[in-house]
>>> print(open('work_29.pdb').read())   # PDB, C-alpha atoms
ATOM      1  CA  MET A   1     104.356  77.287  48.348
ATOM      2  CA  LYS A   2     102.943  80.215  46.427
ATOM      3  CA  GLN A   3      99.632  82.033  46.828
ATOM      4  CA  ALA A   4      98.094  80.391  43.738
ATOM      5  CA  GLU A   5      99.096  76.943  44.979
ATOM      6  CA  ILE A   6      97.549  77.603  48.386
ATOM      7  CA  LEU A   7      94.305  78.546  46.648
ATOM      8  CA  GLU A   8      94.389  75.311  44.615
ATOM      9  CA  LEU A   9      95.084  73.289  47.750
ATOM     10  CA  ALA A  10      92.249  74.909  49.679
ATOM     11  CA  THR A  11      89.790  74.646  46.791
ATOM     12  CA  HIS A  12      90.611  71.307  45.159
ATOM     13  CA  GLY A  13      93.018  69.497  47.528
ATOM     14  CA  THR A  14      92.155  66.456  49.623
ATOM     15  CA  TYR A  15      92.855  65.268  53.163
ATOM     16  CA  GLN A  16      92.211  61.615  54.096
ATOM     17  CA  GLY A  17      90.369  61.153  50.813
ATOM     18  CA  GLU A  18      87.950  64.011  51.489
ATOM     19  CA  PRO A  19      87.926  67.416  49.748
ATOM     20  CA  VAL A  20      89.485  70.166  51.862
ATOM     21  CA  LYS A  21      87.077  72.858  50.608
ATOM     22  CA  GLY A  22      88.660  75.376  52.949
ATOM     23  CA  LYS A  23      88.559  79.103  53.496
ATOM     24  CA  ILE A  24      91.932  80.878  53.488
ATOM     25  CA  GLU A  25      93.012  83.340  56.157
ATOM     26  CA  GLU A  26      96.392  85.017  55.716
ATOM     27  CA  THR A  27      98.875  86.578  58.109
ATOM     28  CA  HIS A  28     102.156  88.221  57.146
ATOM     29  CA  ILE A  29     104.014  84.927  57.801
ATOM     30  CA  SER A  30     101.456  82.136  57.274
ATOM     31  CA  TRP A  31      98.474  80.854  55.335
ATOM     32  CA  VAL A  32      95.686  79.220  57.344
ATOM     33  CA  ILE A  33      93.140  76.966  55.619
ATOM     34  CA  LEU A  34      89.904  76.467  57.567
ATOM     35  CA  SER A  35      88.021  73.320  56.581
ATOM     36  CA  ARG A  36      84.875  71.962  58.212
ATOM     37  CA  LYS A  37      86.625  69.955  60.941
ATOM     38  CA  HIS A  38      90.283  70.908  60.700
ATOM     39  CA  VAL A  39      92.691  73.797  60.308
ATOM     40  CA  PHE A  40      95.859  73.548  58.205
ATOM     41  CA  LYS A  41      98.531  76.163  58.887
ATOM     42  CA  ILE A  42     101.279  76.592  56.281
ATOM     43  CA  LYS A  43     104.323  78.787  56.796
ATOM     44  CA  LYS A  44     105.297  81.188  54.025
ATOM     45  CA  PRO A  45     108.790  80.638  52.534
ATOM     46  CA  LEU A  46     110.162  83.829  54.081
ATOM     47  CA  LYS A  47     113.461  84.969  55.519
ATOM     48  CA  LEU A  48     113.125  88.100  57.639
ATOM     49  CA  SER A  49     115.243  89.750  60.309
ATOM     50  CA  PHE A  50     113.353  87.859  63.029
ATOM     51  CA  LEU A  51     112.523  84.498  61.375
ATOM     52  CA  ASP A  52     113.742  82.066  58.743
ATOM     53  CA  PHE A  53     111.200  79.841  56.948
ATOM     54  CA  SER A  54     113.211  79.899  53.721
ATOM     55  CA  THR A  55     113.772  76.128  53.292
ATOM     56  CA  LEU A  56     111.544  73.076  53.425
ATOM     57  CA  THR A  57     113.640  71.621  56.253
ATOM     58  CA  LYS A  58     113.262  74.778  58.335
ATOM     59  CA  ARG A  59     109.516  74.958  57.753
ATOM     60  CA  LYS A  60     109.140  71.342  58.922
ATOM     61  CA  HIS A  61     111.252  72.095  62.007
ATOM     62  CA  PHE A  62     109.147  75.102  62.965
ATOM     63  CA  CYS A  63     105.888  73.233  62.339
ATOM     64  CA  GLU A  64     107.047  70.585  64.821
ATOM     65  CA  ARG A  65     108.260  73.232  67.250
ATOM     66  CA  GLU A  66     104.952  75.078  67.058
ATOM     67  CA  ILE A  67     103.113  71.927  68.078
ATOM     68  CA  LYS A  68     105.476  71.142  70.957
ATOM     69  CA  LEU A  69     105.295  74.651  72.411
ATOM     70  CA  ASN A  70     101.529  75.031  72.087
ATOM     71  CA  GLU A  71     100.872  71.624  73.678
ATOM     72  CA  GLN A  72     101.718  73.299  77.003
ATOM     73  CA  TYR A  73      98.258  74.832  77.190
ATOM     74  CA  THR A  74      95.982  73.361  74.520
ATOM     75  CA  ASP A  75      95.126  70.048  72.854
ATOM     76  CA  ILE A  76      93.973  71.501  69.527
ATOM     77  CA  TYR A  77      97.373  70.893  67.869
ATOM     78  CA  LEU A  78      97.438  67.416  66.309
ATOM     79  CA  SER A  79     100.406  66.784  63.990
ATOM     80  CA  THR A  80     102.709  67.963  61.210
ATOM     81  CA  LEU A  81     101.595  66.726  57.792
ATOM     82  CA  PRO A  82     103.328  66.698  54.394
ATOM     83  CA  ILE A  83     101.747  68.510  51.464
ATOM     84  CA  ARG A  84     102.199  66.606  48.209
ATOM     85  CA  PHE A  85     101.472  67.150  44.527
ATOM     86  CA  GLN A  86     100.829  64.445  41.927
ATOM     87  CA  LYS A  87      99.178  64.493  38.487
ATOM     88  CA  ASN A  88      97.804  68.014  38.919
ATOM     89  CA  SER A  89      96.292  67.131  42.283
ATOM     90  CA  TRP A  90      97.130  68.348  45.814
ATOM     91  CA  TYR A  91      97.165  66.127  48.907
ATOM     92  CA  ILE A  92      97.600  66.845  52.623
ATOM     93  CA  GLY A  93      99.113  63.818  54.349
ATOM     94  CA  GLY A  94      99.860  60.448  52.809
ATOM     95  CA  GLU A  95     102.898  59.277  50.887
ATOM     96  CA  LYS A  96     102.046  59.642  47.198
ATOM     97  CA  GLY A  97     103.326  62.493  45.104
ATOM     98  CA  LYS A  98     106.129  65.029  45.298
ATOM     99  CA  LEU A  99     106.761  66.555  48.727
ATOM    100  CA  VAL A 100     106.117  70.296  48.391
ATOM    101  CA  ASP A 101     105.655  71.610  51.934
ATOM    102  CA  TYR A 102     104.360  70.932  55.438
ATOM    103  CA  ALA A 103     101.265  71.953  57.386
ATOM    104  CA  VAL A 104     100.386  72.069  61.077
ATOM    105  CA  LEU A 105      97.127  70.176  61.598
ATOM    106  CA  MET A 106      94.747  71.541  64.247
ATOM    107  CA  LYS A 107      91.214  70.923  65.422
ATOM    108  CA  ARG A 108      88.734  73.461  64.040
ATOM    109  CA  MET A 109      87.316  75.614  66.811
ATOM    110  CA  ALA A 110      84.176  77.755  66.590
ATOM    111  CA  SER A 111      85.140  81.014  64.876
ATOM    112  CA  THR A 112      82.416  82.829  66.807
ATOM    113  CA  LYS A 113      84.298  82.019  70.021
ATOM    114  CA  ARG A 114      87.522  83.717  68.940
ATOM    115  CA  MET A 115      88.005  86.630  71.297
ATOM    116  CA  ASP A 116      88.540  89.357  68.684
ATOM    117  CA  LYS A 117      85.259  88.361  67.020
ATOM    118  CA  VAL A 118      83.491  88.292  70.382
ATOM    119  CA  LEU A 119      84.748  91.802  71.117
ATOM    120  CA  LEU A 120      83.420  93.024  67.766
ATOM    121  CA  GLY A 121      80.063  91.340  68.393
ATOM    122  CA  SER A 122      78.199  90.831  71.637
ATOM    123  CA  GLY A 123      81.268  91.632  73.705
ATOM    124  CA  ALA A 124      83.267  89.752  76.317
ATOM    125  CA  THR A 125      81.963  89.548  79.880
ATOM    126  CA  GLU A 126      83.590  89.954  83.272
ATOM    127  CA  ASN A 127      83.232  86.182  83.710
ATOM    128  CA  ASN A 128      85.169  85.650  80.448
ATOM    129  CA  ILE A 129      87.925  87.944  81.692
ATOM    130  CA  ARG A 130      88.206  86.308  85.102
ATOM    131  CA  ALA A 131      88.371  82.848  83.516
ATOM    132  CA  LEU A 132      91.008  84.064  81.076
ATOM    133  CA  ALA A 133      93.100  85.617  83.859
ATOM    134  CA  LYS A 134      92.973  82.295  85.720
ATOM    135  CA  VAL A 135      94.186  80.300  82.691
ATOM    136  CA  ILE A 136      97.005  82.721  81.887
ATOM    137  CA  ALA A 137      98.148  83.149  85.494
ATOM    138  CA  SER A 138      98.242  79.361  85.937
ATOM    139  CA  PHE A 139     100.313  78.932  82.782
ATOM    140  CA  HIS A 140     102.682  81.728  83.772
ATOM    141  CA  GLN A 141     103.237  80.340  87.269
ATOM    142  CA  LYS A 142     104.514  77.082  85.748
ATOM    143  CA  ALA A 143     106.546  78.711  82.979
ATOM    144  CA  ARG A 144     110.321  78.373  83.009
ATOM    145  CA  LYS A 145     112.202  81.323  84.502
ATOM    146  CA  ILE A 146     114.695  83.031  82.188
ATOM    147  CA  ARG A 147     117.789  84.551  83.787
ATOM    148  CA  SER A 148     119.415  86.267  80.793
ATOM    149  CA  PRO A 149     120.121  89.881  81.830
ATOM    150  CA  PHE A 150     118.285  92.980  80.672
ATOM    151  CA  SER A 151     120.007  94.532  77.637
ATOM    152  CA  LEU A 152     119.477  98.255  77.194
ATOM    153  CA  PRO A 153     120.693  98.258  73.543
ATOM    154  CA  VAL A 154     118.326  95.388  72.655
ATOM    155  CA  ALA A 155     115.379  97.107  74.357
ATOM    156  CA  ILE A 156     116.152 100.392  72.594
ATOM    157  CA  GLY A 157     116.459  98.608  69.254
ATOM    158  CA  LEU A 158     113.138  96.797  69.672
ATOM    159  CA  PHE A 159     111.179 100.019  70.133
ATOM    160  CA  ASN A 160     113.178 102.138  67.684
ATOM    161  CA  ASP A 161     112.902  99.644  64.814
ATOM    162  CA  ILE A 162     109.732 101.491  63.801
ATOM    163  CA  VAL A 163     111.921 104.319  62.448
ATOM    164  CA  LYS A 164     112.412 102.172  59.328
ATOM    165  CA  ALA A 165     108.782 102.898  58.462
ATOM    166  CA  LYS A 166     109.162 106.679  58.792
ATOM    167  CA  PRO A 167     109.317 107.480  55.032
ATOM    168  CA  PHE A 168     106.115 105.500  54.498
ATOM    169  CA  VAL A 169     104.433 107.238  57.445
ATOM    170  CA  VAL A 170     105.419 110.637  56.035
ATOM    171  CA  GLN A 171     103.974 109.681  52.657
ATOM    172  CA  LYS A 172     100.750 107.975  53.757
ATOM    173  CA  LEU A 173      99.825 109.222  57.233
ATOM    174  CA  GLY A 174     101.118 112.767  57.328
ATOM    175  CA  GLN A 175     102.840 115.043  59.810
ATOM    176  CA  GLU A 176     100.800 114.293  62.928
ATOM    177  CA  HIS A 177     101.705 110.606  62.999
ATOM    178  CA  THR A 178     105.244 111.303  61.834
ATOM    179  CA  ASN A 179     105.599 113.514  64.897
ATOM    180  CA  THR A 180     104.231 110.713  67.092
ATOM    181  CA  LEU A 181     106.805 108.309  65.689
ATOM    182  CA  THR A 182     109.686 110.739  66.280
ATOM    183  CA  LYS A 183     108.494 111.746  69.763
ATOM    184  CA  SER A 184     107.943 108.137  70.826
ATOM    185  CA  ILE A 185     111.532 107.155  70.103
ATOM    186  CA  GLU A 186     112.881 109.941  72.296
ATOM    187  CA  TRP A 187     110.347 109.077  75.011
ATOM    188  CA  SER A 188     111.261 105.385  74.908
ATOM    189  CA  ASN A 189     115.000 106.067  75.067
ATOM    190  CA  ASP A 190     114.538 108.247  78.156
ATOM    191  CA  PHE A 191     112.206 105.764  79.833
ATOM    192  CA  LEU A 192     114.481 102.768  79.330
ATOM    193  CA  GLU A 193     117.497 104.639  80.662
ATOM    194  CA  ALA A 194     115.544 105.706  83.740
ATOM    195  CA  HIS A 195     114.107 102.246  84.505
ATOM    196  CA  LYS A 196     116.817  99.823  83.375
ATOM    197  CA  LYS A 197     117.788  98.902  86.941
ATOM    198  CA  ARG A 198     114.223  97.967  87.875
ATOM    199  CA  MET A 199     113.832  95.944  84.664
ATOM    200  CA  GLN A 200     116.933  93.961  85.619
ATOM    201  CA  ARG A 201     115.656  93.567  89.173
ATOM    202  CA  ARG A 202     112.419  92.104  87.857
ATOM    203  CA  ILE A 203     114.464  89.440  86.059
ATOM    204  CA  ALA A 204     116.284  88.644  89.304
ATOM    205  CA  HIS A 205     112.880  88.283  91.000
ATOM    206  CA  GLY A 206     111.798  85.657  88.431
ATOM    207  CA  PHE A 207     109.410  87.732  86.319
ATOM    208  CA  LYS A 208     111.107  86.971  83.004
ATOM    209  CA  ARG A 209     109.738  83.648  81.758
ATOM    210  CA  ASP A 210     109.273  81.499  78.681
ATOM    211  CA  VAL A 211     105.636  82.260  77.885
ATOM    212  CA  HIS A 212     103.346  82.782  74.867
ATOM    213  CA  GLY A 213     104.816  85.889  73.254
ATOM    214  CA  ASP A 214     101.821  86.804  71.078
ATOM    215  CA  LEU A 215      98.978  86.971  73.557
ATOM    216  CA  HIS A 216      96.246  89.031  71.897
ATOM    217  CA  SER A 217      92.536  88.484  71.329
ATOM    218  CA  GLY A 218      93.024  86.830  67.924
ATOM    219  CA  ASN A 219      94.911  83.990  69.633
ATOM    220  CA  ILE A 220      92.302  83.173  72.275
ATOM    221  CA  PHE A 221      89.019  81.239  72.126
ATOM    222  CA  LEU A 222      86.538  82.236  74.829
ATOM    223  CA  TYR A 223      85.074  78.880  75.782
ATOM    224  CA  LYS A 224      84.027  78.242  79.405
ATOM    225  CA  LYS A 225      87.698  77.482  79.943
ATOM    226  CA  PRO A 226      89.503  79.820  77.521
ATOM    227  CA  VAL A 227      91.870  78.285  74.970
ATOM    228  CA  LEU A 228      95.214  79.935  74.150
ATOM    229  CA  PHE A 229      96.911  79.077  70.854
ATOM    230  CA  ASP A 230      99.504  80.223  68.286
ATOM    231  CA  CYS A 231     102.408  81.126  70.540
ATOM    232  CA  ILE A 232     105.658  82.309  68.947
ATOM    233  CA  GLU A 233     107.781  79.384  67.816
ATOM    234  CA  PHE A 234     110.135  81.092  65.377
ATOM    235  CA  ASN A 235     112.130  83.303  67.770
ATOM    236  CA  ASP A 236     112.750  82.371  71.401
ATOM    237  CA  ALA A 237     113.620  85.946  72.376
ATOM    238  CA  PHE A 238     110.086  87.087  71.445
ATOM    239  CA  ARG A 239     108.669  84.508  73.851
ATOM    240  CA  GLN A 240     111.148  84.794  76.738
ATOM    241  CA  ILE A 241     109.950  88.068  78.184
ATOM    242  CA  ASP A 242     108.807  89.918  81.297
ATOM    243  CA  LEU A 243     105.333  88.763  82.343
ATOM    244  CA  LEU A 244     104.177  92.380  82.257
ATOM    245  CA  TYR A 245     105.170  92.588  78.581
ATOM    246  CA  GLU A 246     103.155  89.425  77.912
ATOM    247  CA  ILE A 247      99.923  90.638  79.511
ATOM    248  CA  ALA A 248     100.451  94.212  78.267
ATOM    249  CA  PHE A 249      99.661  92.925  74.756
ATOM    250  CA  LEU A 250      96.255  91.613  75.836
ATOM    251  CA  CYS A 251      95.424  94.746  77.831
ATOM    252  CA  MET A 252      96.532  97.054  75.008
ATOM    253  CA  ASP A 253      94.444  94.968  72.608
ATOM    254  CA  LEU A 254      91.372  95.253  74.815
ATOM    255  CA  GLU A 255      91.881  99.014  75.004
ATOM    256  CA  SER A 256      92.158  99.170  71.208
ATOM    257  CA  PHE A 257      88.620  97.721  71.144
ATOM    258  CA  GLY A 258      87.486 100.439  73.571
ATOM    259  CA  GLU A 259      87.367  97.979  76.477
ATOM    260  CA  LYS A 260      89.549  99.677  79.085
ATOM    261  CA  ARG A 261      87.219  98.444  81.824
ATOM    262  CA  LEU A 262      87.872  94.830  80.821
ATOM    263  CA  ALA A 263      91.604  95.518  80.501
ATOM    264  CA  ASP A 264      91.669  96.903  84.051
ATOM    265  CA  SER A 265      89.613  93.944  85.310
ATOM    266  CA  PHE A 266      91.988  91.480  83.682
ATOM    267  CA  LEU A 267      95.060  93.120  85.191
ATOM    268  CA  ALA A 268      93.496  93.246  88.659
ATOM    269  CA  GLU A 269      92.437  89.594  88.572
ATOM    270  CA  TYR A 270      95.703  88.373  87.081
ATOM    271  CA  ASN A 271      97.738  90.299  89.659
ATOM    272  CA  ARG A 272      95.552  88.891  92.431
ATOM    273  CA  LEU A 273      96.232  85.343  91.256
ATOM    274  CA  PHE A 274      99.902  85.900  90.417
ATOM    275  CA  PRO A 275     101.238  89.166  91.856
ATOM    276  CA  CYS A 276     103.778  90.544  89.393
ATOM    277  CA  ILE A 277     103.411  94.252  90.207
ATOM    278  CA  GLU A 278     105.529  94.650  93.301
ATOM    279  CA  VAL A 279     106.159  98.406  93.438
ATOM    280  CA  LYS A 280     104.796 101.603  91.878
ATOM    281  CA  GLU A 281     107.566 101.608  89.279
ATOM    282  CA  ASP A 282     106.197  98.348  87.873
ATOM    283  CA  GLU A 283     102.968 100.166  86.963
ATOM    284  CA  HIS A 284     104.995 102.621  84.891
ATOM    285  CA  ILE A 285     106.851  99.734  83.223
ATOM    286  CA  PHE A 286     103.512  98.075  82.409
ATOM    287  CA  ASN A 287     102.327 101.307  80.757
ATOM    288  CA  TYR A 288     105.593 101.423  78.775
ATOM    289  CA  PHE A 289     105.065  97.841  77.632
ATOM    290  CA  LYS A 290     101.571  98.719  76.390
ATOM    291  CA  CYS A 291     103.111 101.531  74.343
ATOM    292  CA  LEU A 292     105.711  99.111  72.980
ATOM    293  CA  ARG A 293     102.997  96.632  71.996
ATOM    294  CA  ALA A 294     101.094  99.411  70.207
ATOM    295  CA  ASN A 295     104.355 100.350  68.496
ATOM    296  CA  VAL A 296     104.846  96.786  67.242
ATOM    297  CA  ARG A 297     101.245  96.536  65.991
ATOM    298  CA  ALA A 298     101.600  99.858  64.179
ATOM    299  CA  LYS A 299     104.794  98.581  62.544
ATOM    300  CA  VAL A 300     103.188  95.294  61.476
ATOM    301  CA  ASN A 301     100.272  97.144  59.885
ATOM    302  CA  LEU A 302     102.614  99.554  58.107
ATOM    303  CA  MET A 303     104.554  96.586  56.746
ATOM    304  CA  SER A 304     101.316  94.962  55.604
ATOM    305  CA  ALA A 305     100.217  98.245  53.994
ATOM    306  CA  THR A 306     103.350  98.300  51.841
ATOM    307  CA  GLN A 307     102.408  94.820  50.571
ATOM    308  CA  ALA A 308      98.686  95.510  50.067
ATOM    309  CA  ASP A 309      97.170  94.127  46.862
ATOM    310  CA  ASP A 310      94.393  96.711  46.528
ATOM    311  CA  ASP A 311      93.214 100.092  47.822
ATOM    312  CA  GLN A 312      90.766  98.551  50.295
ATOM    313  CA  GLU A 313      93.457  96.457  51.961
ATOM    314  CA  LEU A 314      95.807  99.446  51.994
ATOM    315  CA  ALA A 315      93.180 101.652  53.642
ATOM    316  CA  HIS A 316      92.476  98.997  56.288
ATOM    317  CA  HIS A 317      96.110  98.652  57.349
ATOM    318  CA  LEU A 318      96.665 102.419  57.352
ATOM    319  CA  ALA A 319      93.601 102.893  59.560
ATOM    320  CA  GLU A 320      94.903 100.234  61.946
ATOM    321  CA  ALA A 321      98.333 101.888  62.064
ATOM    322  CA  GLU A 322      96.670 105.237  62.866
ATOM    323  CA  LYS A 323      94.738 103.598  65.695
ATOM    324  CA  TYR A 324      97.929 102.280  67.247
ATOM    325  CA  PHE A 325      99.730 105.607  66.855
ATOM    326  CA  LYS A 326      96.887 107.221  68.806
ATOM    327  CA  LEU A 327      97.263 104.588  71.524
ATOM    328  CA  MET A 328     100.998 105.280  71.661
ATOM    329  CA  ASN A 329     100.240 108.956  72.233
ATOM    330  CA  HIS A 330      97.836 108.006  75.008
ATOM    331  CA  TYR A 331     100.401 105.812  76.778
ATOM    332  CA  MET A 332     103.125 108.431  76.424
ATOM    333  CA  ALA A 333     100.813 111.001  78.020
ATOM    334  CA  ALA A 334      99.940 108.557  80.816
ATOM    335  CA  GLY A 335     103.638 107.958  81.423
ATOM    336  CA  SER A 336     104.680 111.594  81.326
ATOM    337  CA  SER A 337     104.656 111.763  85.140
ATOM    338  CA  CYS A 338     106.898 108.704  85.524
ATOM    339  CA  PRO A 339     109.867 109.344  87.828
TER     340      PRO A 339
END
>>> encode(input="work_29.pdb", output="structure tokens")
Amino acid sequence: MKQAEILELATHGTYQGEPVKGKIEETHISWVILSRKHVFKIKKPLKLSFLDFSTLTKRKHFCEREIKLNEQYTDIYLSTLPIRFQKNSWYIGGEKGKLVDYAVLMKRMASTKRMDKVLLGSGATENNIRALAKVIASFHQKARKIRSPFSLPVAIGLFNDIVKAKPFVVQKLGQEHTNTLTKSIEWSNDFLEAHKKRMQRRIAHGFKRDVHGDLHSGNIFLYKKPVLFDCIEFNDAFRQIDLLYEIAFLCMDLESFGEKRLADSFLAEYNRLFPCIEVKEDEHIFNYFKCLRANVRAKVNLMSATQADDDQELAHHLAEAEKYFKLMNHYMAAGSSCP
């Protein structure tokens, strides 16, 4: 589907005979329509280096896969529905009309409970963090162990992919952040070479598992029992990772909100429930993973900035990229004493 069609669907489409009347939220790979009771998630017809939603068949497959994977820890995912068009009208579900696309149907949760919004508002509490650590640790303990070996070239490539954005950083963010980008690649290369044996040993000890893959505050609802959602369905390698890399995303995210205290509390409680930091070197690896997560978020925002429709959107994504470059500098400084 195209942007204009999504707008028509959200504004004038129907589901079970009722108007959708939904609000659209957009990510770089999906459109999300929020109606009063339901959420409809539609994958963009993209083909990128890390995903392929380019055909109707593939989008249906990944809708179904998204539901199956997320059912491991939440019941908000309901079904995959066809999107149809007939006589200038849009329909979600049913059998009449031309099949145009597919949507993942979910229960609508309270937006005010989404963790990123909580952090911007009244703030998360220690009780929230302890409950969240319990949910995540429980899920991780049951997750399937992955035995594929550590690959130094793959790890180097994951971090260094940000170099593709260097011309844009030079143009839009200036010398300071260009220097951060260049310095971080050298730092990462040295770190991975120095710690590759321990990273492999962690796999042998069962710390590489099939988990969520995208565990940040925008994918968590802070109910009494927190709800995780929107795991990565489009690339197994992004989900089959070291547990420290998984929780590093959440801790880095909390620190990006200025909540280092909560990040430290989460790590302490999680590690108490499911000890995954065995030796001092693991602490250095965790710090590296936080830098890598900041790297990825900077890259995503730079990519979004290149696609911005107006100056306000451009400024937002550039400011976010700058924030993550500053975090990268912080983590590099914290890791400068690593053996």
>>> resolve_selection(input="work_29.pdb", expression="the PyMOL selection byres ((chain A and resi 144) around 8)", output="MDAnalysis selection string")
chainID A and resid 142:143 145:146 209:211
>>> atom_distance(input="work_29.pdb", atom1="atom CA of Trp90 of chain A", atom2="atom CA of Arg59 of chain A")
18.4 Å
>>> resolve_selection(input="work_29.pdb", expression="the PyMOL selection byres ((chain A and resi 155) around 12)", output="PyMOL selection string")
chain A and resi 149-154+156-161+185+188-193+195-196+199-200+237-238+241-242+245+288-289+292
>>> residues_around(input="work_29.pdb", residues="segment 25-35 of chain A", least_positions_apart="3", cutoff="9 Å", atoms="all atoms listed in the file", output="VMD selection string")
chain A and resid 3 6 9 to 10 20 to 22 38 to 46 53 108 300 303 to 304
>>> write_last_selection(input="work_29.pdb", atoms="C-alpha atoms", output="short mmCIF file (atom, residue, chain, number, x, y, z; two decimals), in the frame of the given file")
data_model
loop_
_atom_site.label_atom_id
_atom_site.label_comp_id
_atom_site.auth_asym_id
_atom_site.auth_seq_id
_atom_site.Cartn_x
_atom_site.Cartn_y
_atom_site.Cartn_z
CA GLN A 3 99.63 82.03 46.83
CA ILE A 6 97.55 77.60 48.39
CA LEU A 9 95.08 73.29 47.75
CA ALA A 10 92.25 74.91 49.68
CA VAL A 20 89.48 70.17 51.86
CA LYS A 21 87.08 72.86 50.61
CA GLY A 22 88.66 75.38 52.95
CA HIS A 38 90.28 70.91 60.70
CA VAL A 39 92.69 73.80 60.31
CA PHE A 40 95.86 73.55 58.20
CA LYS A 41 98.53 76.16 58.89
CA ILE A 42 101.28 76.59 56.28
CA LYS A 43 104.32 78.79 56.80
CA LYS A 44 105.30 81.19 54.02
CA PRO A 45 108.79 80.64 52.53
CA LEU A 46 110.16 83.83 54.08
CA PHE A 53 111.20 79.84 56.95
CA ARG A 108 88.73 73.46 64.04
CA VAL A 300 103.19 95.29 61.48
CA MET A 303 104.55 96.59 56.75
CA SER A 304 101.32 94.96 55.60
#
>>> resolve_selection(input="work_29.pdb", expression="the PyMOL selection byres ((chain A and resi 97) around 9)", output="MDAnalysis selection string")
chainID A and resid 83:87 89:91 94:96 98:100
>>> write_last_selection(input="work_29.pdb", atoms="C-alpha atoms", output="PDB file, in the coordinates of the input")
ATOM      1  CA  ILE A  83     101.747  68.510  51.464  1.00  0.00           C
ATOM      2  CA  ARG A  84     102.199  66.606  48.209  1.00  0.00           C
ATOM      3  CA  PHE A  85     101.472  67.150  44.527  1.00  0.00           C
ATOM      4  CA  GLN A  86     100.829  64.445  41.927  1.00  0.00           C
ATOM      5  CA  LYS A  87      99.178  64.493  38.487  1.00  0.00           C
ATOM      6  CA  SER A  89      96.292  67.131  42.283  1.00  0.00           C
ATOM      7  CA  TRP A  90      97.130  68.348  45.814  1.00  0.00           C
ATOM      8  CA  TYR A  91      97.165  66.127  48.907  1.00  0.00           C
ATOM      9  CA  GLY A  94      99.860  60.448  52.809  1.00  0.00           C
ATOM     10  CA  GLU A  95     102.898  59.277  50.887  1.00  0.00           C
ATOM     11  CA  LYS A  96     102.046  59.642  47.198  1.00  0.00           C
ATOM     12  CA  LYS A  98     106.129  65.029  45.298  1.00  0.00           C
ATOM     13  CA  LEU A  99     106.761  66.555  48.727  1.00  0.00           C
ATOM     14  CA  VAL A 100     106.117  70.296  48.391  1.00  0.00           C
TER      15      VAL A 100
END
>>> closest_residue(input="work_29.pdb", among="A:Val227, A:Met328, A:Ile220, A:Ile92", to="Glu18 of chain A", atoms="all atoms listed in the file")
A:Ile92
>>> residues_near_point(input="work_29.pdb", point="(105.2, 108.3, 77.9)", cutoff="10 Å", atoms="all atoms listed in the file", output="tab-separated table (two decimals) with C-alpha atoms, keeping the file's coordinate frame")
chain	number	residue	atom	x	y	z
A	183	LYS	CA	108.49	111.75	69.76
A	184	SER	CA	107.94	108.14	70.83
A	186	GLU	CA	112.88	109.94	72.30
A	187	TRP	CA	110.35	109.08	75.01
A	188	SER	CA	111.26	105.38	74.91
A	190	ASP	CA	114.54	108.25	78.16
A	191	PHE	CA	112.21	105.76	79.83
A	284	HIS	CA	105.00	102.62	84.89
A	287	ASN	CA	102.33	101.31	80.76
A	288	TYR	CA	105.59	101.42	78.78
A	291	CYS	CA	103.11	101.53	74.34
A	328	MET	CA	101.00	105.28	71.66
A	329	ASN	CA	100.24	108.96	72.23
A	330	HIS	CA	97.84	108.01	75.01
A	331	TYR	CA	100.40	105.81	76.78
A	332	MET	CA	103.12	108.43	76.42
A	333	ALA	CA	100.81	111.00	78.02
A	334	ALA	CA	99.94	108.56	80.82
A	335	GLY	CA	103.64	107.96	81.42
A	336	SER	CA	104.68	111.59	81.33
A	337	SER	CA	104.66	111.76	85.14
A	338	CYS	CA	106.90	108.70	85.52
>>> residues_around(input="work_29.pdb", residues="Lys117 of chain A", least_positions_apart="6", cutoff="12 Å", atoms="only C-alpha atoms", output="list of chain:residue names")
A:Ala110, A:Ser111, A:Gly123, A:Ala124, A:Ser217, A:Gly218, A:Asn219, A:Ile220, A:Phe221, A:Leu222, A:Phe257
>>> write_last_selection(input="work_29.pdb", atoms="C-alpha atoms", output="PDB file, keeping the file's coordinate frame")
ATOM      1  CA  ALA A 110      84.176  77.755  66.590  1.00  0.00           C
ATOM      2  CA  SER A 111      85.140  81.014  64.876  1.00  0.00           C
ATOM      3  CA  GLY A 123      81.268  91.632  73.705  1.00  0.00           C
ATOM      4  CA  ALA A 124      83.267  89.752  76.317  1.00  0.00           C
ATOM      5  CA  SER A 217      92.536  88.484  71.329  1.00  0.00           C
ATOM      6  CA  GLY A 218      93.024  86.830  67.924  1.00  0.00           C
ATOM      7  CA  ASN A 219      94.911  83.990  69.633  1.00  0.00           C
ATOM      8  CA  ILE A 220      92.302  83.173  72.275  1.00  0.00           C
ATOM      9  CA  PHE A 221      89.019  81.239  72.126  1.00  0.00           C
ATOM     10  CA  LEU A 222      86.538  82.236  74.829  1.00  0.00           C
ATOM     11  CA  PHE A 257      88.620  97.721  71.144  1.00  0.00           C
TER      12      PHE A 257
END
>>> closest_residue(input="work_29.pdb", among="A:Val135, A:Ser79, A:Ser49, A:Lys197", to="Ile285 of chain A", atoms="all atoms listed in the file")
A:Lys197
>>> closest_atom_pairs(input="work_29.pdb", of="segment 243-305 of chain A", to="segment 172-180 of chain A", cutoff="12 Å", atoms="only C-alpha atoms", output="Markdown table")
| residue | atom | partner | partner_atom | distance |
| --- | --- | --- | --- | --- |
| A:Cys291 | CA | A:Thr180 | CA | 11.8 |
| A:Asn295 | CA | A:Thr180 | CA | 10.5 |
| A:Ala298 | CA | A:His177 | CA | 10.8 |
| A:Leu302 | CA | A:Lys172 | CA | 9.7 |
| A:Ala305 | CA | A:Lys172 | CA | 9.7 |
>>> atom_distance(input="work_29.pdb", atom1="atom CA of Thr306 of chain A", atom2="atom CA of Asp230 of chain A")
24.7 Å
